[in-house]
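Asker: Below you will find the structure I want to go over with you.
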Amino acid sequence: MNDGDALDLRGLKCPLPVLRLRRHLRGTASGARIRIETTDPLAVIDIPHFCREDGHQLISSEPVDGGHAFVIVKA
């Protein structure tokens, strides 16, 4: 599976991961797949909520070494 773009948000604390993701998505085509990595423990709440609010599709959410990884598809 090709995860498309990768966005490294490790080391950022709430609300920066979602703010950086939103900015990244502005320049991304609809249907693009993005893999996000974060170390912010609140990201497991914030990223899915952001996707629901903005209509993006959350493909996967999984713990990784030191944090969490998400794959989303831009609406």
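Going by the structure tokens order, chains are called A, B, ..., each with residues numbered from 1, while ligands are numbered from 1 in the order shown.
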Based on DSSP run over this structure's backbone, return all residues of chain A in helix (DSSP H, G or I), as a list in words.
Answerer: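 Everything in chain A that counts as helix (DSSP H, G or I) is Leu16, Pro17, Val18, Leu19, Arg20, Leu21, Arg22, Arg23, His24, Leu25, Arg26, Ala43, Val44, Ile45, Asp46, Ile47, Pro48, His49, Phe50, Cys51, Arg52, Glu53 and Asp54 of chain A.
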Asker: Next, the residues of the selection above should be written as a CSV table (one decimal), in the first residue's frame with C-alpha atoms.
Answerer:
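Saved result, result.csv, follows:
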```csv
chain,number,residue,atom,x,y,z
A,16,LEU,CA,0.1,22.1,16.6
A,17,PRO,CA,-0.3,18.7,15.0
A,18,VAL,CA,-3.8,19.5,13.7
A,19,LEU,CA,-2.9,23.1,12.7
A,20,ARG,CA,0.1,21.8,10.7
A,21,LEU,CA,-2.0,19.0,9.1
A,22,ARG,CA,-4.7,21.6,8.1
A,23,ARG,CA,-2.0,23.8,6.5
A,24,HIS,CA,-0.5,20.8,4.7
A,25,LEU,CA,-3.9,19.8,3.3
A,26,ARG,CA,-4.5,23.2,1.8
A,43,ALA,CA,-3.6,13.3,18.7
A,44,VAL,CA,-5.5,10.0,19.0
A,45,ILE,CA,-8.5,12.3,19.9
A,46,ASP,CA,-7.6,15.4,17.8
A,47,ILE,CA,-6.8,13.8,14.4
A,48,PRO,CA,-10.0,11.7,14.1
A,49,HIS,CA,-12.1,14.6,15.3
A,50,PHE,CA,-10.4,16.9,12.7
A,51,CYS,CA,-11.1,14.3,10.0
A,52,ARG,CA,-14.8,14.0,11.0
A,53,GLU,CA,-15.3,17.8,11.2
A,54,ASP,CA,-13.6,18.5,7.8
```
Asker: Tell me which protein, DNA and RNA residues are within 8 Å of region 36-38 of chain A, counting only C-alpha atoms, leaving out same-chain ones fewer than 6 positions away, and put them as a ChimeraX atom specification.
Answerer: /A:6-12,17,67-71
Asker: Quick one: distance from CA of Ala29 (chain A) to CA of Leu42 (chain A) in Å, one decimal?
Answerer: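 Those two atoms sit 26.7 Å apart.
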Asker: What's the separation between CA of Gly31 (chain A) and CA of Asp5 (chain A), in Å to one decimal place?
Answerer: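 Going from CA of Gly31 (chain A) over to CA of Asp5 (chain A), I get 11.6 Å.
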Asker: In Å, with one decimal, what is the gap from CA of Thr28 (chain A) to CA of Pro41 (chain A)?
Answerer: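 Spanning CA of Thr28 (chain A) to CA of Pro41 (chain A) is a straight-line distance of 25.6 Å.
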Asker: Could you give me, as a PyMOL selection string, the residues within 7 Å of His56 (chain A), counting only C-alpha atoms and dropping anything in the same chain fewer than 6 positions from it?
Answerer: chain A and resi 72-75
Asker: Restricting it to N, CA and C atoms, dump the selection as a PDB file, in the first residue's frame.
Answerer:
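Written file, out_30.pdb:
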```pdb
ATOM      1  N   ILE A  72      -4.770   9.201   6.319  1.00  0.00           N
ATOM      2  CA  ILE A  72      -6.022   9.829   5.949  1.00  0.00           C
ATOM      3  C   ILE A  72      -6.066  10.067   4.456  1.00  0.00           C
ATOM      4  N   VAL A  73      -7.283  10.226   3.943  1.00  0.00           N
ATOM      5  CA  VAL A  73      -7.501  10.617   2.563  1.00  0.00           C
ATOM      6  C   VAL A  73      -8.208  11.962   2.598  1.00  0.00           C
ATOM      7  N   LYS A  74      -7.644  12.934   1.890  1.00  0.00           N
ATOM      8  CA  LYS A  74      -8.208  14.275   1.892  1.00  0.00           C
ATOM      9  C   LYS A  74      -9.549  14.284   1.172  1.00  0.00           C
ATOM     10  N   ALA A  75     -10.501  14.980   1.760  1.00  0.00           N
ATOM     11  CA  ALA A  75     -11.837  15.123   1.161  1.00  0.00           C
ATOM     12  C   ALA A  75     -11.757  15.961  -0.108  1.00  0.00           C
TER      13      ALA A  75
END
```
Asker: Where in chain A does DSSP assign strand (DSSP E), given as JSON, numbers by chain?
Answerer: {"A": [5, 6, 7, 8, 9, 33, 34, 35, 36, 37, 38, 57, 58, 59, 60, 61, 62, 63, 64, 67, 68, 69, 70, 71, 72, 73]}
Asker: Suppose we keep N, CA and C atoms; can you now write the selection as a compact mmCIF listing (two decimals), in the first residue's frame?
Answerer:
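And here is the file that came out, out.txt:
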```txt
# COMPACT_ATOMS: atom_id res chain seq x y z
N ASP A 5 1.86 11.05 0.58
CA ASP A 5 2.63 12.02 1.36
C ASP A 5 2.87 11.51 2.78
N ALA A 6 3.96 11.92 3.36
CA ALA A 6 4.23 11.66 4.77
C ALA A 6 4.39 12.99 5.48
N LEU A 7 3.78 13.11 6.62
CA LEU A 7 3.85 14.34 7.40
C LEU A 7 4.36 13.99 8.79
N ASP A 8 5.55 14.46 9.12
CA ASP A 8 6.18 14.17 10.40
C ASP A 8 5.81 15.27 11.39
N LEU A 9 4.93 14.95 12.33
CA LEU A 9 4.50 15.91 13.34
C LEU A 9 5.00 15.51 14.72
N ARG A 33 -3.63 10.68 -0.31
CA ARG A 33 -3.44 9.89 0.90
C ARG A 33 -2.21 10.42 1.63
N ILE A 34 -2.38 10.68 2.94
CA ILE A 34 -1.31 11.24 3.74
C ILE A 34 -1.10 10.39 4.98
N ARG A 35 0.16 10.06 5.26
CA ARG A 35 0.51 9.35 6.50
C ARG A 35 1.07 10.39 7.47
N ILE A 36 0.54 10.39 8.67
CA ILE A 36 0.92 11.34 9.70
C ILE A 36 1.53 10.58 10.87
N GLU A 37 2.65 11.06 11.37
CA GLU A 37 3.22 10.50 12.59
C GLU A 37 3.30 11.59 13.63
N THR A 38 2.89 11.26 14.86
CA THR A 38 2.88 12.24 15.94
C THR A 38 3.25 11.57 17.26
N GLN A 57 -11.24 11.25 5.26
CA GLN A 57 -11.44 9.85 5.62
C GLN A 57 -10.23 9.34 6.40
N LEU A 58 -10.47 8.85 7.61
CA LEU A 58 -9.41 8.26 8.42
C LEU A 58 -9.31 6.78 8.03
N ILE A 59 -8.22 6.41 7.37
CA ILE A 59 -8.03 5.04 6.87
C ILE A 59 -7.48 4.14 7.97
N SER A 60 -6.50 4.64 8.73
CA SER A 60 -5.94 3.82 9.81
C SER A 60 -5.40 4.71 10.92
N SER A 61 -5.34 4.11 12.09
CA SER A 61 -4.80 4.76 13.28
C SER A 61 -4.13 3.65 14.08
N GLU A 62 -2.81 3.78 14.29
CA GLU A 62 -2.11 2.71 14.99
C GLU A 62 -0.96 3.25 15.82
N PRO A 63 -0.73 2.62 16.98
CA PRO A 63 0.43 3.02 17.77
C PRO A 63 1.72 2.63 17.06
N VAL A 64 2.70 3.50 17.16
CA VAL A 64 4.04 3.23 16.63
C VAL A 64 5.03 3.58 17.74
N GLY A 67 4.83 6.96 19.64
CA GLY A 67 3.70 7.81 19.28
C GLY A 67 2.60 7.07 18.56
N HIS A 68 2.07 7.73 17.54
CA HIS A 68 0.91 7.20 16.82
C HIS A 68 1.04 7.58 15.34
N ALA A 69 0.52 6.72 14.48
CA ALA A 69 0.51 7.00 13.04
C ALA A 69 -0.91 6.93 12.52
N PHE A 70 -1.22 7.80 11.61
CA PHE A 70 -2.54 7.87 10.99
C PHE A 70 -2.36 7.90 9.49
N VAL A 71 -3.31 7.34 8.78
CA VAL A 71 -3.37 7.51 7.33
C VAL A 71 -4.75 8.08 7.03
N ILE A 72 -4.77 9.20 6.32
CA ILE A 72 -6.02 9.83 5.95
C ILE A 72 -6.07 10.07 4.46
N VAL A 73 -7.28 10.23 3.94
CA VAL A 73 -7.50 10.62 2.56
C VAL A 73 -8.21 11.96 2.60
```
